[in-house]
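Before any comments, here is the structure.
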Amino acid sequence: MKAFFSRLSPNTQGAIWVLMSGVTFVAMTTLVKHLSGNYPSHVQNFYRQTGSLIVAIPFMLRSPRQVLFVPRSTMPALFLRSLLATIGMILLLYSHEAMSMAEANALSFTRPLWVVLLAALFLRETIGPSRIAAVLMGFVGVVVIMRPWGADVAVGWPHIAALFSALCLAGTITGVKSLTNTLSASSILVWSSIMGELLSLPFALADWRWPGAGDLIPLFLIGLLSAANQVLFIKGMAVGEAAVLAPVDYARLVLSVIAGLLVFGEWPDAFTWIGAGVIVVSTLYITVREIQSKRAKTLAIDAGQPDASTPLGLDDPSLPRP
């Protein structure tokens with residue numbers, strides 16, 4: 001099997017890894033929704049974070065000095081990133097508990113739209129008219145999904161939570177971009193796991209639930225699947241080309257529809273399909289533009305222009321995912 005896999009093209013291998021990451025993400029959110037009647041999202045997030053911390057322990061044991069000893073100046077950025085990740089994940093889990101699988105997943109894809117806006121505000125990156133138009137079009141898709149004009153549809157906290165979650169998780173991507181200048185990916189992973197565990201604990205204690213014997217395995221699996229989701233996605237992006245693999249990630253929207261139908265009897269309406277399609281097209285356009293900008297920068301440096309503008313780099317395989 002390993003020999004057969006190695007004979008595949010890099011993009012095919014990368015597509016398989018990314019598709020597997022989508023499967024793990026949908027499996028995680030399905031378990032979250034299944035357990036939501038007994039465990040609130042902030043309690044589930046604590047158990048999810050505990051599972052992720054267990055996964056990070058081998059990185060600590062393998063090279064503790066290189067991983068744990070980081071410059072003191074990086075601690076505020078690590079803390080802020082962990083805080084945003086904690087809030088973002090709690091809201092992400094809540095949105096999947098309170099909304100249909102397809103609707104919550106569609107709104108989670110607004111993260112690249114927020115990344116563009118945050119990069120312009122905090123990293124001072126220049127965004128041209130085409131990317132501005134793509135961002136605006138993406139949020140038009142959000143409005144279509146939320147359809148506030150319907151008399152029988154109320155835009156409630158789950159919609160707001162899904163969008164704010166995407167904003168917080170976009171902030172973690174912006175933060176990682178600056179942290180990778182001084183820290184290794186292993187240090188970021190380990191410290192994010194430690195701080196995430198500590199930051200998740202107060203939220204969980206506010207509405208604590210001791211897990212029942214039958215829930216221990218599902219709760220642990222949520223953490224294991226969350227860590228596997230990140231590892232598989234990073235592996236895929238490291239092997240293949242991001243321009244080719246970006247569309248594969250949107251397979252989890254289809255997978256979420258299948259999971260919602262089979263497990264919870266959910267079927268998205270036409271507005272969800274149309275809005276999701278608009279969001280997917282706009283974020284794909286932004287991703288492709290970022291990849292083209294990164295290639296243009298490489299060509300400029302090769303031509304002796306080291307002052308070329310630095311693109312956002314959405315295809316950077318070191319960037320994490322929820």
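Going through the structure tokens in order, the chains are called A, B, and so on, while each chain numbers its residues from 1 and the ligands are numbered from 1 in the order shown.
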Long-range neighbours of Val278 of chain A as a ChimeraX atom specification, 12 Å cut-off, only C-alpha atoms, 2 positions minimum in chain: /A:106-107,109-110,134-145,271-276,280-285
Those of segment 49-296 of chain A in DSSP alpha helix (DSSP H), formatted as a ChimeraX atom specification: /A:49-62,64-68,75-98,101-108,111-122,129-146,157-179,185-205,216-239,242-249,251-264,270-296
Residues within 6 Å of Leu53 of chain A, only C-alpha atoms, excluding chain neighbours under 3 positions, as number ranges by chain: A: 50, 56, 193
Restricting the output to C-alpha atoms, write the selected residues as a compact mmCIF listing (two decimals), in the first residue's frame.
# COMPACT_ATOMS: atom_id res chain seq x y z
CA THR A 50 -6.92 17.95 26.37
CA ALA A 56 1.66 17.47 21.61
CA SER A 193 -1.64 23.36 23.30
Spatial neighbours of Gly196 of chain A, max dist 7 Å, only C-alpha atoms, sep filter under 4 positions, as JSON, numbers by chain: {"A": [49, 82, 86, 192, 200]}
Using only C-alpha atoms, what does the table of segment 93-131 of chain A residues within 10 Å of segment 243-260 of chain A look like, with each row giving the shortest atom pair and its distance in Å to one decimal, sorted by chain and ascending number, as JSON lines?
{"residue": "A:Ser100", "atom": "CA", "partner": "A:Gly260", "partner_atom": "CA", "distance": 6.9}
{"residue": "A:Met101", "atom": "CA", "partner": "A:Gly260", "partner_atom": "CA", "distance": 5.4}
{"residue": "A:Ala102", "atom": "CA", "partner": "A:Val257", "partner_atom": "CA", "distance": 5.1}
{"residue": "A:Glu103", "atom": "CA", "partner": "A:Val257", "partner_atom": "CA", "distance": 8.8}
{"residue": "A:Ala104", "atom": "CA", "partner": "A:Ser256", "partner_atom": "CA", "distance": 9.1}
{"residue": "A:Asn105", "atom": "CA", "partner": "A:Leu253", "partner_atom": "CA", "distance": 6.1}
{"residue": "A:Ala106", "atom": "CA", "partner": "A:Leu253", "partner_atom": "CA", "distance": 6.7}
{"residue": "A:Ser108", "atom": "CA", "partner": "A:Leu253", "partner_atom": "CA", "distance": 9.9}
{"residue": "A:Phe109", "atom": "CA", "partner": "A:Tyr250", "partner_atom": "CA", "distance": 8.5}
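Proximity of A:Trp114, A:Trp210, A:Trp267, A:Tyr47 to Leu198 of chain A, computed with only C-alpha atoms, is greatest for A:Tyr47.
Between Met195 of chain A and the residues A:Met75, A:Met60, A:Ile160, A:Ala15, the shortest atom-to-atom distance, using only C-alpha atoms, involves A:Met75.
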Of the listed residues A:Phe69, A:Arg289, A:Ala166, A:Thr174, that which approaches Pro129 of chain A most closely, counting only C-alpha atoms: A:Arg289
Residues within 10 Å of Leu224 of chain A, please, as a CSV table (one decimal) with C-alpha atoms, in the first residue's frame. Count only C-alpha atoms; anything in the same chain fewer than 2 positions from it doesn't count.
chain,number,residue,atom,x,y,z
A,24,THR,CA,-11.6,14.0,10.3
A,28,MET,CA,-15.2,15.7,14.8
A,48,ARG,CA,-10.9,18.6,22.7
A,49,GLN,CA,-8.0,20.7,23.9
A,50,THR,CA,-6.9,17.9,26.4
A,51,GLY,CA,-6.7,15.4,23.5
A,52,SER,CA,-4.7,17.9,21.5
A,53,LEU,CA,-2.3,18.4,24.4
A,54,ILE,CA,-1.8,14.7,24.7
A,55,VAL,CA,-0.8,14.6,21.0
A,218,PRO,CA,-16.2,10.2,22.0
A,219,LEU,CA,-14.8,13.1,23.9
A,220,PHE,CA,-11.2,11.8,23.5
A,221,LEU,CA,-11.9,11.2,19.8
A,222,ILE,CA,-12.9,14.9,19.4
A,226,SER,CA,-9.0,17.8,15.9
A,227,ALA,CA,-5.2,17.2,16.0
A,228,ALA,CA,-5.3,14.7,13.1
A,229,ASN,CA,-7.2,17.3,11.0
